[in-house]
file coords.pdb (PDB, C-alpha atoms, pLDDT in the B column)
ATOM      1  CA  PHE B  29       0.000   0.000   0.000  1.00 73.00           C
ATOM      2  CA  LEU B  30       2.881   2.365   0.686  1.00 77.00           C
ATOM      3  CA  GLY B  31       4.267   1.559  -2.746  1.00 78.00           C
ATOM      4  CA  PHE B  32       1.036   2.403  -4.540  1.00 73.00           C
ATOM      5  CA  GLN B  33       0.472   5.548  -2.473  1.00 72.00           C
ATOM      6  CA  ARG B  34       3.974   7.022  -2.592  1.00 77.00           C
ATOM      7  CA  HIS B  35       5.255   5.507  -5.863  1.00 78.00           C
ATOM      8  CA  ARG B  36       8.653   4.620  -4.393  1.00 83.00           C
ATOM      9  CA  ALA B  37      10.488   1.484  -5.458  1.00 84.00           C
ATOM     10  CA  LYS B  38      11.860   0.684  -1.992  1.00 87.00           C
ATOM     11  CA  TYR B  39       8.390  -0.127  -0.666  1.00 85.00           C
ATOM     12  CA  PHE B  40       7.673  -2.514  -3.533  1.00 81.00           C
ATOM     13  CA  ILE B  41      11.046  -4.213  -2.996  1.00 83.00           C
ATOM     14  CA  ALA B  42      10.393  -4.638   0.732  1.00 84.00           C
ATOM     15  CA  ALA B  43       6.931  -6.052   0.032  1.00 79.00           C
ATOM     16  CA  ALA B  44       8.341  -8.452  -2.567  1.00 77.00           C
ATOM     17  CA  LEU B  45      10.922  -9.790  -0.094  1.00 78.00           C
ATOM     18  CA  LEU B  46       8.221 -10.416   2.519  1.00 76.00           C
ATOM     19  CA  PHE B  47       5.973 -11.954  -0.128  1.00 73.00           C
ATOM     20  CA  VAL B  48       8.584 -14.500  -1.251  1.00 70.00           C
ATOM     21  CA  GLY B  49       8.769 -15.918   2.265  1.00 66.00           C
ATOM     22  CA  VAL B  50       5.165 -17.090   2.236  1.00 62.00           C
ATOM     23  CA  VAL B  51       4.646 -18.151  -1.386  1.00 62.00           C
ATOM     24  CA  ASP B  52       6.130 -21.571  -0.757  1.00 57.00           C
ATOM     25  CA  ASP B  53       4.070 -22.155   2.377  1.00 56.00           C
ATOM     26  CA  ALA B  54       1.773 -25.183   2.597  1.00 47.00           C
ATOM     27  CA  ASP B  55      -1.249 -22.894   2.182  1.00 54.00           C
ATOM     28  CA  GLY B  56       0.432 -20.902  -0.579  1.00 64.00           C
ATOM     29  CA  ARG B  57      -2.341 -21.416  -3.120  1.00 71.00           C
ATOM     30  CA  ALA B  58      -5.066 -19.955  -0.913  1.00 73.00           C
ATOM     31  CA  PHE B  59      -2.702 -17.181   0.143  1.00 76.00           C
ATOM     32  CA  LEU B  60      -1.932 -16.130  -3.419  1.00 78.00           C
ATOM     33  CA  VAL B  61      -5.570 -16.075  -4.504  1.00 79.00           C
ATOM     34  CA  SER B  62      -6.651 -14.126  -1.406  1.00 81.00           C
ATOM     35  CA  PHE B  63      -3.728 -11.726  -1.767  1.00 82.00           C
ATOM     36  CA  ALA B  64      -4.477 -11.061  -5.440  1.00 82.00           C
ATOM     37  CA  GLY B  65      -8.177 -10.519  -4.722  1.00 85.00           C
ATOM     38  CA  THR B  66      -7.398  -8.058  -1.923  1.00 85.00           C
ATOM     39  CA  VAL B  67      -4.955  -6.004  -3.975  1.00 84.00           C
ATOM     40  CA  LEU B  68      -7.264  -5.884  -7.014  1.00 86.00           C
ATOM     41  CA  TYR B  69     -10.198  -4.745  -4.885  1.00 86.00           C
ATOM     42  CA  PHE B  70      -8.316  -1.862  -3.296  1.00 82.00           C
ATOM     43  CA  LEU B  71      -6.727  -0.794  -6.570  1.00 82.00           C
ATOM     44  CA  TYR B  72     -10.166  -0.748  -8.162  1.00 85.00           C
ATOM     45  CA  ARG B  73     -11.574   1.370  -5.314  1.00 79.00           C
ATOM     46  CA  ARG B  74      -8.694   3.859  -5.202  1.00 77.00           C
ATOM     47  CA  LEU B  75      -7.676   4.300  -8.865  1.00 79.00           C
ATOM     48  CA  SER B  76      -9.435   5.682 -11.912  1.00 84.00           C
ATOM     49  CA  PRO B  77     -10.576   3.052 -14.448  1.00 86.00           C
ATOM     50  CA  GLY B  78      -7.762   3.922 -16.851  1.00 86.00           C
ATOM     51  CA  ARG B  79      -5.061   3.878 -14.197  1.00 83.00           C
ATOM     52  CA  PHE B  80      -6.474   0.667 -12.724  1.00 85.00           C
ATOM     53  CA  LEU B  81      -6.278  -1.093 -16.081  1.00 89.00           C
ATOM     54  CA  THR B  82      -2.746   0.192 -16.688  1.00 87.00           C
ATOM     55  CA  THR B  83      -1.602  -0.950 -13.243  1.00 82.00           C
ATOM     56  CA  VAL B  84      -3.103  -4.418 -13.692  1.00 85.00           C
ATOM     57  CA  LEU B  85      -1.449  -4.820 -17.116  1.00 87.00           C
ATOM     58  CA  LYS B  86       1.923  -3.713 -15.734  1.00 83.00           C
ATOM     59  CA  THR B  87       1.568  -6.102 -12.800  1.00 79.00           C
ATOM     60  CA  CYS B  88       0.664  -9.001 -15.103  1.00 82.00           C
ATOM     61  CA  GLY B  89       3.682  -8.192 -17.251  1.00 84.00           C
ATOM     62  CA  ALA B  90       5.945  -8.198 -14.187  1.00 78.00           C
ATOM     63  CA  ILE B  91       4.499 -11.553 -13.076  1.00 77.00           C
ATOM     64  CA  VAL B  92       5.164 -13.059 -16.507  1.00 82.00           C
ATOM     65  CA  ILE B  93       8.774 -11.858 -16.363  1.00 84.00           C
ATOM     66  CA  VAL B  94       9.267 -13.263 -12.852  1.00 76.00           C
ATOM     67  CA  LEU B  95       7.736 -16.603 -13.837  1.00 76.00           C
ATOM     68  CA  GLY B  96       9.938 -16.704 -16.908  1.00 82.00           C
ATOM     69  CA  LEU B  97      13.049 -16.095 -14.832  1.00 82.00           C
ATOM     70  CA  GLY B  98      11.922 -18.673 -12.293  1.00 76.00           C
ATOM     71  CA  PHE B  99      11.323 -21.242 -15.018  1.00 76.00           C
ATOM     72  CA  ALA B 100      14.769 -20.577 -16.463  1.00 83.00           C
ATOM     73  CA  LEU B 101      16.413 -21.032 -13.045  1.00 79.00           C
ATOM     74  CA  ASN B 102      14.295 -23.896 -11.700  1.00 79.00           C
ATOM     75  CA  PRO B 103      11.832 -25.274 -14.276  1.00 79.00           C
ATOM     76  CA  ASP B 104      10.850 -28.278 -12.143  1.00 81.00           C
ATOM     77  CA  TYR B 105       9.736 -26.116  -9.221  1.00 73.00           C
ATOM     78  CA  VAL B 106       7.691 -23.721 -11.368  1.00 73.00           C
ATOM     79  CA  ALA B 107       6.045 -26.615 -13.219  1.00 75.00           C
ATOM     80  CA  ARG B 108       5.213 -28.324  -9.913  1.00 73.00           C
ATOM     81  CA  ARG B 109       3.651 -25.190  -8.442  1.00 72.00           C
ATOM     82  CA  ALA B 110       1.640 -24.618 -11.618  1.00 72.00           C
ATOM     83  CA  ALA B 111       0.370 -28.196 -11.421  1.00 71.00           C
ATOM     84  CA  ASP B 112      -0.668 -27.628  -7.796  1.00 69.00           C
ATOM     85  CA  PHE B 113      -2.849 -24.685  -8.810  1.00 70.00           C
ATOM     86  CA  THR B 114      -4.308 -26.627 -11.726  1.00 73.00           C
ATOM     87  CA  ASP B 115      -5.171 -29.590  -9.494  1.00 64.00           C
ATOM     88  CA  ALA B 116      -6.788 -27.382  -6.849  1.00 66.00           C
ATOM     89  CA  PHE B 117      -8.896 -25.610  -9.479  1.00 67.00           C
ATOM     90  CA  LYS B 118      -9.937 -28.912 -11.031  1.00 66.00           C
ATOM     91  CA  VAL B 119     -11.038 -30.364  -7.700  1.00 60.00           C
ATOM     92  CA  ALA B 120     -12.982 -27.205  -6.808  1.00 59.00           C
ATOM     93  CA  THR B 121     -14.811 -27.003 -10.143  1.00 58.00           C
ATOM     94  CA  THR B 122     -15.304 -30.652 -11.143  1.00 59.00           C
ATOM     95  CA  GLY B 123     -15.002 -32.686  -7.944  1.00 56.00           C
ATOM     96  CA  ALA B 124     -12.718 -35.139  -9.731  1.00 61.00           C
ATOM     97  CA  GLU B 125      -9.643 -36.701  -8.152  1.00 63.00           C
ATOM     98  CA  VAL B 126      -6.253 -35.406  -9.247  1.00 61.00           C
ATOM     99  CA  GLU B 127      -2.592 -36.249  -8.663  1.00 66.00           C
ATOM    100  CA  ASP B 128      -2.201 -33.766  -5.788  1.00 67.00           C
ATOM    101  CA  PRO B 129      -2.835 -35.714  -2.527  1.00 66.00           C
ATOM    102  CA  SER B 130      -3.633 -32.486  -0.633  1.00 71.00           C
ATOM    103  CA  ALA B 131      -6.412 -31.544  -3.048  1.00 70.00           C
ATOM    104  CA  ASN B 132      -7.750 -35.107  -3.017  1.00 73.00           C
ATOM    105  CA  ALA B 133      -7.807 -35.114   0.791  1.00 75.00           C
ATOM    106  CA  ARG B 134     -10.008 -32.020   0.793  1.00 77.00           C
ATOM    107  CA  LEU B 135     -12.368 -33.654  -1.685  1.00 79.00           C
ATOM    108  CA  ILE B 136     -12.655 -36.754   0.524  1.00 81.00           C
ATOM    109  CA  GLN B 137     -13.209 -34.664   3.661  1.00 82.00           C
ATOM    110  CA  THR B 138     -15.953 -32.684   1.928  1.00 84.00           C
ATOM    111  CA  LEU B 139     -17.783 -35.892   1.038  1.00 84.00           C
ATOM    112  CA  MET B 140     -17.417 -37.052   4.651  1.00 85.00           C
ATOM    113  CA  ALA B 141     -18.866 -33.811   6.024  1.00 86.00           C
ATOM    114  CA  LEU B 142     -21.948 -33.546   3.804  1.00 89.00           C
ATOM    115  CA  PRO B 143     -24.065 -36.274   5.508  1.00 90.00           C
ATOM    116  CA  TYR B 144     -23.469 -34.682   8.923  1.00 89.00           C
ATOM    117  CA  ILE B 145     -24.342 -31.237   7.570  1.00 91.00           C
ATOM    118  CA  GLN B 146     -27.623 -32.634   6.274  1.00 92.00           C
ATOM    119  CA  LYS B 147     -28.409 -33.983   9.750  1.00 92.00           C
ATOM    120  CA  HIS B 148     -27.598 -30.760  11.605  1.00 92.00           C
ATOM    121  CA  PRO B 149     -27.714 -27.878   9.088  1.00 92.00           C
ATOM    122  CA  LEU B 150     -28.648 -25.030  11.432  1.00 93.00           C
ATOM    123  CA  LEU B 151     -26.444 -25.491  14.523  1.00 90.00           C
ATOM    124  CA  GLY B 152     -23.796 -27.852  13.168  1.00 89.00           C
ATOM    125  CA  ASN B 153     -22.046 -30.757  14.859  1.00 85.00           C
ATOM    126  CA  GLY B 154     -19.795 -28.821  17.221  1.00 82.00           C
ATOM    127  CA  MET B 155     -16.099 -29.200  17.987  1.00 77.00           C
ATOM    128  CA  ILE B 156     -14.871 -32.686  18.870  1.00 74.00           C
ATOM    129  CA  SER B 157     -11.976 -32.781  21.317  1.00 72.00           C
ATOM    130  CA  ASN B 158      -9.130 -35.201  20.658  1.00 70.00           C
ATOM    131  CA  GLN B 159      -9.583 -36.319  24.273  1.00 75.00           C
ATOM    132  CA  TRP B 160     -13.025 -37.710  23.496  1.00 73.00           C
ATOM    133  CA  GLY B 161     -13.061 -40.905  21.456  1.00 69.00           C
ATOM    134  CA  GLY B 162      -9.873 -39.905  19.655  1.00 69.00           C
ATOM    135  CA  GLY B 163     -11.435 -36.810  18.126  1.00 70.00           C
ATOM    136  CA  ASN B 164     -12.640 -36.664  14.539  1.00 70.00           C
ATOM    137  CA  GLU B 165     -10.167 -39.274  13.366  1.00 69.00           C
ATOM    138  CA  GLY B 166     -11.123 -41.745  16.080  1.00 69.00           C
ATOM    139  CA  ILE B 167     -14.856 -41.325  15.532  1.00 69.00           C
ATOM    140  CA  LEU B 168     -14.941 -41.142  11.749  1.00 70.00           C
ATOM    141  CA  GLY B 169     -12.226 -43.714  11.215  1.00 64.00           C
ATOM    142  CA  GLN B 170      -9.917 -41.497   9.164  1.00 66.00           C
ATOM    143  CA  ALA B 171      -8.286 -38.076   9.172  1.00 72.00           C
ATOM    144  CA  PHE B 172     -10.805 -35.244   9.112  1.00 77.00           C
ATOM    145  CA  SER B 173     -10.298 -31.561   9.874  1.00 77.00           C
ATOM    146  CA  PRO B 174     -13.119 -29.061   9.274  1.00 79.00           C
ATOM    147  CA  GLY B 175     -10.561 -26.303   8.792  1.00 75.00           C
ATOM    148  CA  ASP B 176      -9.287 -28.010   5.641  1.00 77.00           C
ATOM    149  CA  ILE B 177     -12.560 -27.542   3.742  1.00 82.00           C
ATOM    150  CA  GLY B 178     -13.315 -23.887   4.312  1.00 81.00           C
ATOM    151  CA  LEU B 179     -16.916 -22.757   4.513  1.00 85.00           C
ATOM    152  CA  ILE B 180     -18.163 -26.339   4.282  1.00 87.00           C
ATOM    153  CA  GLY B 181     -16.130 -27.125   7.383  1.00 86.00           C
ATOM    154  CA  ALA B 182     -17.549 -24.055   9.114  1.00 87.00           C
ATOM    155  CA  VAL B 183     -21.119 -25.183   8.394  1.00 90.00           C
ATOM    156  CA  TYR B 184     -20.205 -28.674   9.598  1.00 89.00           C
ATOM    157  CA  THR B 185     -18.946 -27.247  12.907  1.00 87.00           C
ATOM    158  CA  VAL B 186     -21.313 -24.372  13.739  1.00 89.00           C
ATOM    159  CA  GLY B 187     -24.116 -24.722  11.177  1.00 91.00           C
ATOM    160  CA  VAL B 188     -25.664 -22.068   8.970  1.00 92.00           C
ATOM    161  CA  PHE B 189     -26.758 -20.025  11.976  1.00 93.00           C
ATOM    162  CA  GLY B 190     -23.275 -20.060  13.496  1.00 89.00           C
ATOM    163  CA  LEU B 191     -21.728 -19.186  10.141  1.00 89.00           C
ATOM    164  CA  LEU B 192     -23.880 -16.052   9.921  1.00 90.00           C
ATOM    165  CA  VAL B 193     -23.007 -15.077  13.498  1.00 89.00           C
ATOM    166  CA  PHE B 194     -19.268 -15.389  12.917  1.00 87.00           C
ATOM    167  CA  ALA B 195     -19.501 -13.679   9.515  1.00 86.00           C
ATOM    168  CA  TYR B 196     -21.084 -10.609  11.110  1.00 88.00           C
ATOM    169  CA  GLN B 197     -17.641  -9.511  12.285  1.00 84.00           C
ATOM    170  CA  PHE B 198     -16.831  -8.631   8.660  1.00 84.00           C
ATOM    171  CA  ARG B 199     -20.058  -6.657   8.318  1.00 86.00           C
ATOM    172  CA  PHE B 200     -19.143  -4.717  11.455  1.00 86.00           C
ATOM    173  CA  ALA B 201     -15.623  -4.074  10.116  1.00 82.00           C
ATOM    174  CA  GLN B 202     -17.052  -2.873   6.791  1.00 81.00           C
ATOM    175  CA  TRP B 203     -19.366  -0.475   8.614  1.00 85.00           C
ATOM    176  CA  ALA B 204     -16.472   0.887  10.704  1.00 81.00           C
ATOM    177  CA  ALA B 205     -14.216   1.315   7.653  1.00 78.00           C
ATOM    178  CA  ARG B 206     -16.868   3.307   5.803  1.00 79.00           C
ATOM    179  CA  ARG B 207     -17.194   5.696   8.737  1.00 80.00           C
ATOM    180  CA  LEU B 208     -13.473   6.484   8.548  1.00 74.00           C
ATOM    181  CA  LYS B 209     -13.086  10.002   7.164  1.00 72.00           C
ATOM    182  CA  PHE B 210     -10.913  10.451   4.079  1.00 66.00           C
ATOM    183  CA  GLU B 211      -8.421  12.733   5.840  1.00 65.00           C
ATOM    184  CA  MET B 212      -7.908  10.070   8.522  1.00 70.00           C
ATOM    185  CA  ARG B 213      -6.837   7.395   6.039  1.00 72.00           C
ATOM    186  CA  SER B 214      -3.221   6.315   6.162  1.00 75.00           C
ATOM    187  CA  PRO B 215      -1.083   3.362   5.039  1.00 74.00           C
ATOM    188  CA  LEU B 216      -1.814   1.814   8.448  1.00 78.00           C
ATOM    189  CA  SER B 217      -5.596   2.078   8.040  1.00 78.00           C
ATOM    190  CA  ASP B 218      -5.311   0.756   4.479  1.00 79.00           C
ATOM    191  CA  ALA B 219      -3.251  -2.192   5.716  1.00 79.00           C
ATOM    192  CA  ALA B 220      -5.780  -2.884   8.491  1.00 81.00           C
ATOM    193  CA  THR B 221      -8.771  -2.914   6.158  1.00 82.00           C
ATOM    194  CA  GLY B 222      -6.752  -4.869   3.596  1.00 83.00           C
ATOM    195  CA  THR B 223      -5.910  -7.485   6.220  1.00 84.00           C
ATOM    196  CA  LEU B 224      -9.602  -7.849   7.100  1.00 84.00           C
ATOM    197  CA  LEU B 225     -10.523  -8.388   3.449  1.00 85.00           C
ATOM    198  CA  PHE B 226      -7.623 -10.820   3.050  1.00 85.00           C
ATOM    199  CA  MET B 227      -8.858 -12.787   6.054  1.00 82.00           C
ATOM    200  CA  ALA B 228     -12.396 -12.846   4.678  1.00 83.00           C
ATOM    201  CA  LEU B 229     -11.241 -14.179   1.303  1.00 84.00           C
ATOM    202  CA  GLY B 230      -8.840 -16.646   2.885  1.00 79.00           C
ATOM    203  CA  SER B 231     -11.588 -17.970   5.136  1.00 79.00           C
ATOM    204  CA  LEU B 232     -13.427 -19.273   2.081  1.00 77.00           C
ATOM    205  CA  THR B 233     -10.893 -22.106   1.981  1.00 75.00           C
ATOM    206  CA  THR B 234      -9.505 -22.172   5.540  1.00 75.00           C
ATOM    207  CA  GLU B 235     -12.496 -21.462   7.829  1.00 74.00           C
ATOM    208  CA  ALA B 236     -10.159 -19.159   9.772  1.00 73.00           C
ATOM    209  CA  PHE B 237     -12.820 -16.649  10.837  1.00 76.00           C
ATOM    210  CA  VAL B 238     -14.642 -19.448  12.685  1.00 78.00           C
ATOM    211  CA  ALA B 239     -11.828 -21.762  13.795  1.00 70.00           C
ATOM    212  CA  ASP B 240      -9.580 -18.957  15.100  1.00 67.00           C
ATOM    213  CA  GLN B 241     -12.372 -17.453  17.192  1.00 63.00           C
ATOM    214  CA  ILE B 242     -13.349 -20.829  18.651  1.00 62.00           C
ATOM    215  CA  GLY B 243      -9.707 -21.524  19.464  1.00 55.00           C
ATOM    216  CA  ARG B 244      -9.371 -18.227  21.352  1.00 48.00           C
ATOM    217  CA  ALA B 245     -12.564 -18.975  23.256  1.00 48.00           C
ATOM    218  CA  HIS B 246     -11.121 -22.313  24.398  1.00 45.00           C
ATOM    219  CA  VAL B 247      -7.912 -20.618  25.539  1.00 42.00           C
TER     220      VAL B 247
END
call {"tool": "encode", "arguments": {"input": "coords.pdb", "output": "structure tokens"}}
result
Amino acid sequence: FLGFQRHRAKYFIAAALLFVGVVDDADGRAFLVSFAGTVLYFLYRRLSPGRFLTTVLKTCGAIVIVLGLGFALNPDYVARRAADFTDAFKVATTGAEVEDPSANARLIQTLMALPYIQKHPLLGNGMISNQWGGGNEGILGQAFSPGDIGLIGAVYTVGVFGLLVFAYQFRFAQWAARRLKFEMRSPLSDAATGTLLFMALGSLTTEAFVADQIGRAHV
């Protein structure tokens, strides 16, 4: 945000260095999609249509150059990461099994959760402690984590009613952000609202806005 506001290369370089550290994380696919969605949204809100289009085209060009350099230096890694994204997209859109075991595991867990969601759609099935019957794995007979299947996992745990209750925190944050006067905006406020949007988008696949709150309540 500092880079876009002040047009200074040092901020973009610092952001790029921080960004590289998380791209290769286990949840890198969800991170990248949520990150891209957040940046595009704020660019669209803050820039004129012409400048927005120019910025997006320049960014896409820079990404192509970086991917080209990465492929030249380590073609196996780039090809593997591209296949990971392709497999995740295929599972999400077709429900078919792919070569990526992580994507397949999420497909299997979704199929496991659906019958229980049908039984308890409004209030969900609750959290199962590992100290009781071996937790989800002990009861269901195989590995199962609601957090792995995003919103479906949230509905499995707290039901449709609970999902709406937890989602209200984003509605409250949106209301508060809109009340912020223009002269009070700063890179810090932009980063705060950007982080909230990033969390909302990321929760579509990680259930973070439910699981994190439940975890804090237990603590």
call {"tool": "closest_residue", "arguments": {"input": "coords.pdb", "among": "B:Thr223, B:Leu232, B:Phe198, B:Ala239", "to": "B:Thr66", "atoms": "all atoms listed in the file"}}
result
B:Thr223
call {"tool": "atom_distance", "arguments": {"input": "coords.pdb", "atom1": "atom CA of B:Ile91", "atom2": "atom CA of B:Asp218"}}
result
23.6 Å
call {"tool": "atom_distance", "arguments": {"input": "coords.pdb", "atom1": "atom CA of B:Glu235", "atom2": "atom CA of B:Leu179"}}
result
5.7 Å
call {"tool": "resolve_selection", "arguments": {"input": "coords.pdb", "expression": "the PyMOL selection byres ((chain B and resi 231) around 12)", "output": "PyMOL selection string"}}
result
chain B and resi 55+58-59+61-62+174-182+191+194-195+198+223-230+232-240
call {"tool": "closest_residue", "arguments": {"input": "coords.pdb", "among": "B:Gly89, B:Leu95, B:Phe80, B:Ile156", "to": "B:Ser173", "atoms": "all atoms listed in the file"}}
result
B:Ile156
call {"tool": "atom_distance", "arguments": {"input": "coords.pdb", "atom1": "atom CA of B:Arg199", "atom2": "atom CA of B:Ala220"}}
result
14.8 Å
call {"tool": "resolve_selection", "arguments": {"input": "coords.pdb", "expression": "the PyMOL selection byres ((chain B and resi 32-36) around 10)", "output": "PyMOL selection string"}}
result
chain B and resi 29-31+37-41+71+74-75+83+214-215
call {"tool": "write_last_selection", "arguments": {"input": "coords.pdb", "atoms": "C-alpha atoms", "output": "PDB file, in the coordinates of the input"}}
result
ATOM      1  CA  PHE B  29       0.000   0.000   0.000  1.00 73.00           C
ATOM      2  CA  LEU B  30       2.881   2.365   0.686  1.00 77.00           C
ATOM      3  CA  GLY B  31       4.267   1.559  -2.746  1.00 78.00           C
ATOM      4  CA  ALA B  37      10.488   1.484  -5.458  1.00 84.00           C
ATOM      5  CA  LYS B  38      11.860   0.684  -1.992  1.00 87.00           C
ATOM      6  CA  TYR B  39       8.390  -0.127  -0.666  1.00 85.00           C
ATOM      7  CA  PHE B  40       7.673  -2.514  -3.533  1.00 81.00           C
ATOM      8  CA  ILE B  41      11.046  -4.213  -2.996  1.00 83.00           C
ATOM      9  CA  LEU B  71      -6.727  -0.794  -6.570  1.00 82.00           C
ATOM     10  CA  ARG B  74      -8.694   3.859  -5.202  1.00 77.00           C
ATOM     11  CA  LEU B  75      -7.676   4.300  -8.865  1.00 79.00           C
ATOM     12  CA  THR B  83      -1.602  -0.950 -13.243  1.00 82.00           C
ATOM     13  CA  SER B 214      -3.221   6.315   6.162  1.00 75.00           C
ATOM     14  CA  PRO B 215      -1.083   3.362   5.039  1.00 74.00           C
TER      15      PRO B 215
END
call {"tool": "axis_aligned_box", "arguments": {"input": "coords.pdb", "around": "stretch 225-234 of chain B", "padding_each_side": "3 Å", "output": "AutoDock Vina command-line options"}}
result
--center_x -10.5 --center_y -15.3 --center_z 3.7 --size_x 11.8 --size_y 19.8 --size_z 10.8
call {"tool": "resolve_selection", "arguments": {"input": "coords.pdb", "expression": "the PyMOL selection byres ((chain B and resi 148) around 10)", "output": "list in words"}}
result
Pro143, Tyr144, Ile145, Gln146, Lys147, Pro149, Leu150, Leu151, Gly152, Asn153, Gly154, Val183, Tyr184, Thr185, Val186, Gly187 and Val188 of chain B
call {"tool": "closest_residue", "arguments": {"input": "coords.pdb", "among": "B:Ala90, B:Ala171, B:Leu192, B:Met212", "to": "B:Ile136", "atoms": "only C-alpha atoms"}}
result
B:Ala171
call {"tool": "closest_residue", "arguments": {"input": "coords.pdb", "among": "B:Phe63, B:Arg57, B:Gly163, B:Phe200", "to": "B:Ala110", "atoms": "all atoms listed in the file"}}
result
B:Arg57
call {"tool": "decode", "arguments": {"input": "coords.pdb", "residues": "stretch 92-106 of chain B", "atoms": "N, CA, C and O atoms", "output": "CSV table (one decimal), in the first residue's frame"}}
result
chain,number,residue,atom,x,y,z
B,92,VAL,N,4.7,-12.2,-15.4
B,92,VAL,CA,5.2,-13.1,-16.5
B,92,VAL,C,6.7,-13.1,-16.6
B,92,VAL,O,7.3,-14.1,-16.7
B,93,ILE,N,7.3,-11.9,-16.4
B,93,ILE,CA,8.8,-11.9,-16.4
B,93,ILE,C,9.4,-12.7,-15.2
B,93,ILE,O,10.3,-13.4,-15.4
B,94,VAL,N,8.8,-12.5,-14.0
B,94,VAL,CA,9.3,-13.3,-12.9
B,94,VAL,C,9.1,-14.8,-13.0
B,94,VAL,O,10.0,-15.5,-12.8
B,95,LEU,N,7.9,-15.2,-13.6
B,95,LEU,CA,7.7,-16.6,-13.8
B,95,LEU,C,8.7,-17.1,-14.9
B,95,LEU,O,9.2,-18.3,-14.8
B,96,GLY,N,9.0,-16.3,-15.9
B,96,GLY,CA,9.9,-16.7,-16.9
B,96,GLY,C,11.3,-16.9,-16.3
B,96,GLY,O,12.0,-17.9,-16.6
B,97,LEU,N,11.7,-16.0,-15.5
B,97,LEU,CA,13.0,-16.1,-14.8
B,97,LEU,C,13.1,-17.3,-13.9
B,97,LEU,O,14.1,-18.1,-13.9
B,98,GLY,N,12.0,-17.5,-13.2
B,98,GLY,CA,11.9,-18.7,-12.3
B,98,GLY,C,12.0,-20.0,-13.1
B,98,GLY,O,12.7,-20.9,-12.6
B,99,PHE,N,11.3,-20.0,-14.2
B,99,PHE,CA,11.3,-21.2,-15.0
B,99,PHE,C,12.7,-21.5,-15.6
B,99,PHE,O,13.1,-22.7,-15.7
B,100,ALA,N,13.4,-20.4,-15.9
B,100,ALA,CA,14.8,-20.6,-16.5
B,100,ALA,C,15.7,-21.1,-15.4
B,100,ALA,O,16.6,-21.9,-15.7
B,101,LEU,N,15.5,-20.6,-14.1
B,101,LEU,CA,16.4,-21.0,-13.0
B,101,LEU,C,16.0,-22.4,-12.5
B,101,LEU,O,16.9,-23.2,-12.1
B,102,ASN,N,14.7,-22.6,-12.3
B,102,ASN,CA,14.3,-23.9,-11.7
B,102,ASN,C,13.0,-24.3,-12.4
B,102,ASN,O,11.9,-24.2,-11.8
B,103,PRO,N,13.1,-24.9,-13.5
B,103,PRO,CA,11.8,-25.3,-14.3
B,103,PRO,C,11.0,-26.3,-13.6
B,103,PRO,O,9.8,-26.3,-13.6
B,104,ASP,N,11.6,-27.2,-12.8
B,104,ASP,CA,10.9,-28.3,-12.1
B,104,ASP,C,10.0,-27.7,-11.1
B,104,ASP,O,8.8,-28.1,-10.9
B,105,TYR,N,10.5,-26.7,-10.3
B,105,TYR,CA,9.7,-26.1,-9.2
B,105,TYR,C,8.5,-25.3,-9.8
B,105,TYR,O,7.4,-25.5,-9.3
B,106,VAL,N,8.8,-24.5,-10.8
B,106,VAL,CA,7.7,-23.7,-11.4
B,106,VAL,C,6.6,-24.6,-11.9
B,106,VAL,O,5.4,-24.4,-11.8
